[in-house]
Amino acid sequence: MKRIKKYIAVIVTGVLCLSGIGTSSYQKTINVLADDENVVVALTTDQEVVKAGDTLQAILSVKENDGIAGLTVRMQYDTEVLSLVSVSSVKDSAFEDAVLFPVEQFLNDTTVTINEVSDGIVGFSYVASEKEMAKGDILIADFSVKEKATVGKSVLSYEYLDASDELGNSLIVEGKTTEFTVAPIVNVKPQDEETEKSEATSEVAKLIEDVVSQQVVKGIAKELAAKIVDAINQYKEVKVELSTDEMEESDVSQETKEDIAKQMGEEEKVAAFFDIDLSVRVEGEEIGTITEIEKEIEVTLPIPEKLPEREKRVRRMFYVLRVHDNVVEKLAALVAENGIVFKTDRFSTYVLTYEDRLGKLGDVNSDERADIADALMISRYDARLAEMEDEQMEFADVNEDGEVNIADALMISRYDAGLIERLE
């Protein structure tokens, strides 16, 4: 069954008593478009994109007062998207003395008060001072975005039902619709579930928003996009999970292995193959995968426990190779406490490789030289101002007495100054 959108009307009536304008000024018909230079009344919202539970504020303003003394406006909004929370006149403005009232009663009785508002239909009445050409904000309407708001573009509009000058001459004024977007709430499960803020969350949510607004997204196939839109329209939970699953070597084609080998150094070895996915799930069931996103996000690969033990004073260097659309690329990677960290915007097959190199004694900071910077690191460690990893300790104990202290720092300092030829 086709869904029928419902609207609630908000009627706004303004009475502006103006002076200092000749009669001839009122004998013209004004056709005011919202994007003309002489916009008389404008409707704006404080946000272009909202989500369920957000508050949206609409402001009706007089931008240019070109002879309008009486005005009746109907503001419309989709009741399947928004709930009217409050309507108020604007304080500290030319319209702060405006009185709100139900328009239906106003047609028969102009003495009703601000407290007699009903059925979501609200108007306002304003009388300007004798010489005032009133401009500025008239009223503010606050809306709540409903929990099951229709996702996609929505409209707040106003329509002029009547407009006249001080002498009662009719004026023609065109209204303008104001669009805003209701974005879906997308749950993204980052690799580290304890991470409070994940780059993946914002990037994937943006992709889904683009899908819902019917934009073509490079990393999401048309069939998957249609499934996502269908799920969101049915208010089903859409979750995107970033996963890093280790693959068996037998699952990688020989041709791919040969392409990978071409990007590896002579001493470089494969540590593990990984399948990195952004999978889309609806109510827990996977419906497809996202292959690309616009902005790189951080990914961490675990270091396999099966690797051979590193020999003393040997540095183990790790590299990450990406295999995407039959292209193999080597990415910059860092060794962190919980694994190998790198950034990517594509999701497919990845290879973690490593190379063992004999390190230089005294090179604590891994910059391939022993100098004053390494001596300072040891001094801070000896003073209990910093910690060092086990591997760093191996290179810091230059006098090989089984301890790392100021004596080692002094030896490195002397070596850096050319006072001794080598570290032993």
# chains A, B, ... in the order shown; residues from 1 in each chain; ligands from 1
$ residues_around --residues "Gly362 in chain A" --least-positions-apart "6" --cutoff "7 Å" --atoms "only C-alpha atoms" --output "list in words"
Ala370, Asp374, Phe395, Ala396, Val398 and Ile412 of chain A
$ write_last_selection --atoms "N, CA and C atoms" --output "mmCIF file, in the first residue's frame"
data_model
loop_
_atom_site.group_PDB
_atom_site.id
_atom_site.type_symbol
_atom_site.label_atom_id
_atom_site.label_comp_id
_atom_site.auth_asym_id
_atom_site.auth_seq_id
_atom_site.Cartn_x
_atom_site.Cartn_y
_atom_site.Cartn_z
ATOM 1 N N ALA A 370 73.923 5.108 16.472
ATOM 2 C CA ALA A 370 74.027 5.280 17.918
ATOM 3 C C ALA A 370 74.565 6.678 18.195
ATOM 4 N N ASP A 374 70.064 8.400 21.623
ATOM 5 C CA ASP A 374 69.964 7.103 22.298
ATOM 6 C C ASP A 374 70.460 7.215 23.740
ATOM 7 N N PHE A 395 69.750 -3.459 22.852
ATOM 8 C CA PHE A 395 70.663 -2.541 22.166
ATOM 9 C C PHE A 395 71.212 -1.469 23.104
ATOM 10 N N ALA A 396 70.556 -1.267 24.242
ATOM 11 C CA ALA A 396 70.987 -0.233 25.188
ATOM 12 C C ALA A 396 72.140 -0.712 26.068
ATOM 13 N N VAL A 398 75.217 -1.523 26.156
ATOM 14 C CA VAL A 398 76.410 -1.523 25.304
ATOM 15 C C VAL A 398 77.651 -2.089 26.008
ATOM 16 N N ILE A 412 77.810 5.666 24.946
ATOM 17 C CA ILE A 412 77.240 6.100 23.668
ATOM 18 C C ILE A 412 77.593 7.559 23.403
#
$ residues_around --residues "Asp251 in chain A" --least-positions-apart "4" --cutoff "12 Å" --atoms "only C-alpha atoms" --output "list in words"
Glu246, Met247, Glu255, Thr256, Lys257, Ala272, Phe273, Phe274, Asp275 and Thr349 of chain A
$ residues_around --residues "Leu334 in chain A" --least-positions-apart "3" --cutoff "9 Å" --atoms "only C-alpha atoms" --output "ChimeraX atom specification"
/A:318-319,339-342
$ write_last_selection --atoms "N, CA and C atoms" --output "mmCIF file, in the first residue's frame"
data_model
loop_
_atom_site.group_PDB
_atom_site.id
_atom_site.type_symbol
_atom_site.label_atom_id
_atom_site.label_comp_id
_atom_site.auth_asym_id
_atom_site.auth_seq_id
_atom_site.Cartn_x
_atom_site.Cartn_y
_atom_site.Cartn_z
ATOM 1 N N PHE A 318 58.484 -5.115 9.918
ATOM 2 C CA PHE A 318 57.227 -5.612 9.351
ATOM 3 C C PHE A 318 56.753 -4.690 8.225
ATOM 4 N N TYR A 319 56.115 -5.304 7.232
ATOM 5 C CA TYR A 319 55.560 -4.562 6.100
ATOM 6 C C TYR A 319 54.149 -5.095 5.813
ATOM 7 N N GLY A 339 49.820 -4.809 17.717
ATOM 8 C CA GLY A 339 49.972 -5.373 16.394
ATOM 9 C C GLY A 339 50.607 -4.397 15.421
ATOM 10 N N ILE A 340 50.388 -4.653 14.131
ATOM 11 C CA ILE A 340 50.936 -3.820 13.064
ATOM 12 C C ILE A 340 49.833 -2.884 12.576
ATOM 13 N N VAL A 341 50.107 -1.579 12.664
ATOM 14 C CA VAL A 341 49.090 -0.566 12.364
ATOM 15 C C VAL A 341 49.390 0.092 11.022
ATOM 16 N N PHE A 342 48.349 0.256 10.202
ATOM 17 C CA PHE A 342 48.489 0.950 8.914
ATOM 18 C C PHE A 342 47.142 1.578 8.560
#
$ residues_around --residues "Lys360 in chain A" --least-positions-apart "4" --cutoff "10 Å" --atoms "only C-alpha atoms" --output "number ranges by chain"
A: 313-315, 364, 366-370, 395, 423
$ closest_residue --among "A:Val327, A:Ile220, A:Ala261, A:Val335" --to "Glu292 in chain A" --atoms "only C-alpha atoms"
A:Ile220
$ atom_distance --atom1 "CA of Met393 in chain A" --atom2 "CA of Tyr354 in chain A"
21.2 Å
$ residues_around --residues "Arg322 in chain A" --least-positions-apart "5" --cutoff "10 Å" --atoms "only C-alpha atoms" --output "ChimeraX atom specification"
/A:260,274,276,327-331,344,346-352
$ write_last_selection --atoms "C-alpha atoms" --output "short mmCIF file (atom, residue, chain, number, x, y, z; two decimals), in the first residue's frame"
data_model
loop_
_atom_site.label_atom_id
_atom_site.label_comp_id
_atom_site.auth_asym_id
_atom_site.auth_seq_id
_atom_site.Cartn_x
_atom_site.Cartn_y
_atom_site.Cartn_z
CA ILE A 260 53.30 -10.36 -4.15
CA PHE A 274 44.59 -11.65 5.75
CA ILE A 276 40.09 -7.53 5.50
CA VAL A 327 47.32 -4.53 -7.99
CA VAL A 328 49.89 -5.17 -5.22
CA GLU A 329 51.05 -2.15 -3.18
CA LYS A 330 53.34 -1.87 -0.15
CA LEU A 331 51.85 0.35 2.58
CA THR A 344 43.80 1.96 4.08
CA ARG A 346 40.31 -0.49 0.26
CA PHE A 347 39.25 -3.87 1.54
CA SER A 348 40.38 -7.19 0.09
CA THR A 349 43.49 -9.41 0.52
CA TYR A 350 46.45 -8.21 2.61
CA VAL A 351 49.84 -9.74 3.29
CA LEU A 352 51.90 -9.20 6.43
#
$ select_by_dssp --residues "range 245-411 of chain A" --states "strand (DSSP E)" --output "ChimeraX atom specification"
/A:245-247,269-282,285-290,292-301,314-324,327-331,334-336,339-346,349-358
$ residues_around --residues "Asp356 in chain A" --least-positions-apart "4" --cutoff "8 Å" --atoms "only C-alpha atoms" --output "number ranges by chain"
A: 267-268, 310, 314-317
$ closest_residue --among "A:Leu278, A:Ala42, A:Leu156, A:Ala52" --to "Tyr235 in chain A" --atoms "only C-alpha atoms"
A:Ala52
$ closest_residue --among "A:Asp46, A:Glu285, A:Glu400, A:Glu389" --to "Ile140 in chain A" --atoms "only C-alpha atoms"
A:Asp46
$ atom_distance --atom1 "CA of Val50 in chain A" --atom2 "CA of Glu147 in chain A"
11.6 Å
$ atom_distance --atom1 "CA of Ser279 in chain A" --atom2 "CA of Lys239 in chain A"
8.3 Å
